Amino acid sequence: MKAKHTFALAVSAVLMCSSPVSGADAAKAKEAKTCLIAGWENPASVCVSHTKVITATCFICHGPNGKSGSAIPSLAGQEKTYFVTAMKDFRDGKREATVMKKYALGYTDEEYEAMGEFFTKVK
């Protein structure tokens with residue numbers, strides 16, 4: 001019980017000593033991009049982390065950061081529109097693949113967009 005009180009006091013002290021959010025910081029936070037994950041709206045920081053997690057599933061076959069060293073195509077540096085179109089084509093059965101359809105079914109269109117943006121920036 002004493003540990004709980006000590007922890008609560010420490011948290012209170014940190015919160016009381018921290019500087020208040022300025023008007024500019026609050027405005028930036030409001031303008032920050034949000035995303036839906038499992039139907040819940042999330043702040044930009046969560047969106048960035050989520051994108052890193054879902055793109056990591058691609059690394060198994062397409063190499064670290066999407067830089068393939070094998071016959072499997074690299075995703076790094078791909079055009080965003082190409083990536084998004086390819087993923088939708090895999091999902092909809094317009095593009096034949098043994099594994100990609102199963103992966104493509106697991107993501108939303110917004111996640112395709114975020115993944116495409118991620119891989120576009122990898123050089």
# chains A, B, ... in the order shown; residues from 1 in each chain; ligands from 1
$ residues_around --residues "stretch 45-57 of chain A" --least-positions-apart "2" --cutoff "7 Å" --atoms "only C-alpha atoms" --output "list in words"
Thr34, Cys35, Asn42, Pro43, Phe59, Ile60, Ala114 and Met115 of chain A
$ residues_around --residues "stretch 98-109 of chain A" --least-positions-apart "3" --cutoff "9 Å" --atoms "only C-alpha atoms" --output "list in words"
Ile54, Thr57, Cys58, Val84, Met87, Lys88, Asp89, Phe90, Arg91, Asp92, Gly93, Arg95, Tyr112, Glu113 and Ala114 of chain A
$ write_last_selection --atoms "N, CA and C atoms" --output "JSON list (two decimals), in the first residue's frame"
[["chain", "number", "residue", "atom", "x", "y", "z"],
["A", 54, "ILE", "N", 2.91, -2.79, -38.95],
["A", 54, "ILE", "CA", 2.32, -3.53, -40.08],
["A", 54, "ILE", "C", 3.28, -3.66, -41.25],
["A", 57, "THR", "N", 5.70, -6.75, -41.13],
["A", 57, "THR", "CA", 5.28, -8.06, -41.62],
["A", 57, "THR", "C", 5.80, -8.31, -43.03],
["A", 58, "CYS", "N", 6.04, -7.24, -43.78],
["A", 58, "CYS", "CA", 6.56, -7.37, -45.15],
["A", 58, "CYS", "C", 8.03, -7.76, -45.17],
["A", 84, "VAL", "N", -0.11, 0.74, -53.53],
["A", 84, "VAL", "CA", -1.51, 0.67, -53.11],
["A", 84, "VAL", "C", -2.33, -0.11, -54.14],
["A", 87, "MET", "N", -1.54, -3.85, -53.88],
["A", 87, "MET", "CA", -2.15, -4.47, -52.70],
["A", 87, "MET", "C", -3.65, -4.68, -52.90],
["A", 88, "LYS", "N", -4.31, -3.70, -53.49],
["A", 88, "LYS", "CA", -5.76, -3.84, -53.75],
["A", 88, "LYS", "C", -6.01, -4.93, -54.78],
["A", 89, "ASP", "N", -5.13, -5.01, -55.78],
["A", 89, "ASP", "CA", -5.27, -6.06, -56.80],
["A", 89, "ASP", "C", -5.06, -7.45, -56.19],
["A", 90, "PHE", "N", -4.10, -7.59, -55.29],
["A", 90, "PHE", "CA", -3.92, -8.87, -54.59],
["A", 90, "PHE", "C", -5.17, -9.21, -53.78],
["A", 91, "ARG", "N", -5.65, -8.24, -53.04],
["A", 91, "ARG", "CA", -6.84, -8.44, -52.20],
["A", 91, "ARG", "C", -8.06, -8.86, -53.02],
["A", 92, "ASP", "N", -8.26, -8.18, -54.16],
["A", 92, "ASP", "CA", -9.45, -8.40, -54.98],
["A", 92, "ASP", "C", -9.31, -9.57, -55.95],
["A", 93, "GLY", "N", -8.14, -10.23, -55.97],
["A", 93, "GLY", "CA", -7.93, -11.37, -56.85],
["A", 93, "GLY", "C", -7.61, -11.00, -58.29],
["A", 95, "ARG", "N", -4.74, -9.83, -59.20],
["A", 95, "ARG", "CA", -3.31, -10.13, -59.38],
["A", 95, "ARG", "C", -3.05, -11.46, -58.69],
["A", 112, "TYR", "N", -3.06, 0.47, -46.44],
["A", 112, "TYR", "CA", -2.31, 0.39, -47.70],
["A", 112, "TYR", "C", -1.64, 1.73, -47.99],
["A", 113, "GLU", "N", -2.39, 2.80, -47.81],
["A", 113, "GLU", "CA", -1.86, 4.15, -48.05],
["A", 113, "GLU", "C", -0.67, 4.44, -47.14],
["A", 114, "ALA", "N", -0.82, 4.13, -45.86],
["A", 114, "ALA", "CA", 0.27, 4.37, -44.90],
["A", 114, "ALA", "C", 1.50, 3.53, -45.23]]
$ residues_around --residues "A:Cys61" --least-positions-apart "3" --cutoff "10 Å" --atoms "only C-alpha atoms" --output "mmCIF file with N, CA and C atoms, in the first residue's frame"
data_model
loop_
_atom_site.group_PDB
_atom_site.id
_atom_site.type_symbol
_atom_site.label_atom_id
_atom_site.label_comp_id
_atom_site.auth_asym_id
_atom_site.auth_seq_id
_atom_site.Cartn_x
_atom_site.Cartn_y
_atom_site.Cartn_z
ATOM 1 N N THR A 57 5.705 -6.748 -41.129
ATOM 2 C CA THR A 57 5.282 -8.061 -41.615
ATOM 3 C C THR A 57 5.802 -8.312 -43.032
ATOM 4 N N CYS A 58 6.042 -7.241 -43.778
ATOM 5 C CA CYS A 58 6.555 -7.369 -45.146
ATOM 6 C C CYS A 58 8.030 -7.764 -45.167
ATOM 7 N N PRO A 64 14.742 -6.551 -44.949
ATOM 8 C CA PRO A 64 14.706 -5.457 -43.982
ATOM 9 C C PRO A 64 14.345 -4.134 -44.657
ATOM 10 N N GLY A 66 12.058 -3.546 -46.517
ATOM 11 C CA GLY A 66 11.556 -3.775 -47.868
ATOM 12 C C GLY A 66 12.636 -3.854 -48.921
ATOM 13 N N LYS A 67 13.890 -3.989 -48.494
ATOM 14 C CA LYS A 67 15.021 -4.089 -49.428
ATOM 15 C C LYS A 67 15.359 -5.565 -49.618
ATOM 16 N N SER A 68 14.807 -6.133 -50.662
ATOM 17 C CA SER A 68 14.971 -7.562 -50.913
ATOM 18 C C SER A 68 16.349 -7.870 -51.470
ATOM 19 N N GLY A 69 16.852 -9.009 -51.084
ATOM 20 C CA GLY A 69 18.117 -9.473 -51.616
ATOM 21 C C GLY A 69 17.918 -10.757 -52.406
ATOM 22 N N SER A 70 16.672 -11.026 -52.777
ATOM 23 C CA SER A 70 16.371 -12.283 -53.468
ATOM 24 C C SER A 70 15.458 -12.013 -54.661
ATOM 25 N N ALA A 71 14.840 -13.068 -55.149
ATOM 26 C CA ALA A 71 13.947 -12.958 -56.300
ATOM 27 C C ALA A 71 12.647 -12.243 -55.959
ATOM 28 N N ILE A 72 12.329 -12.136 -54.691
ATOM 29 C CA ILE A 72 11.123 -11.412 -54.275
ATOM 30 C C ILE A 72 11.382 -9.918 -54.461
ATOM 31 N N PRO A 73 10.441 -9.204 -55.071
ATOM 32 C CA PRO A 73 10.673 -7.783 -55.370
ATOM 33 C C PRO A 73 10.878 -6.929 -54.122
ATOM 34 N N SER A 74 11.707 -5.913 -54.267
ATOM 35 C CA SER A 74 11.900 -4.938 -53.194
ATOM 36 C C SER A 74 10.702 -4.007 -53.142
#
$ atom_distance --atom1 "atom CA of A:Trp40" --atom2 "atom CA of A:Tyr82"
27.8 Å
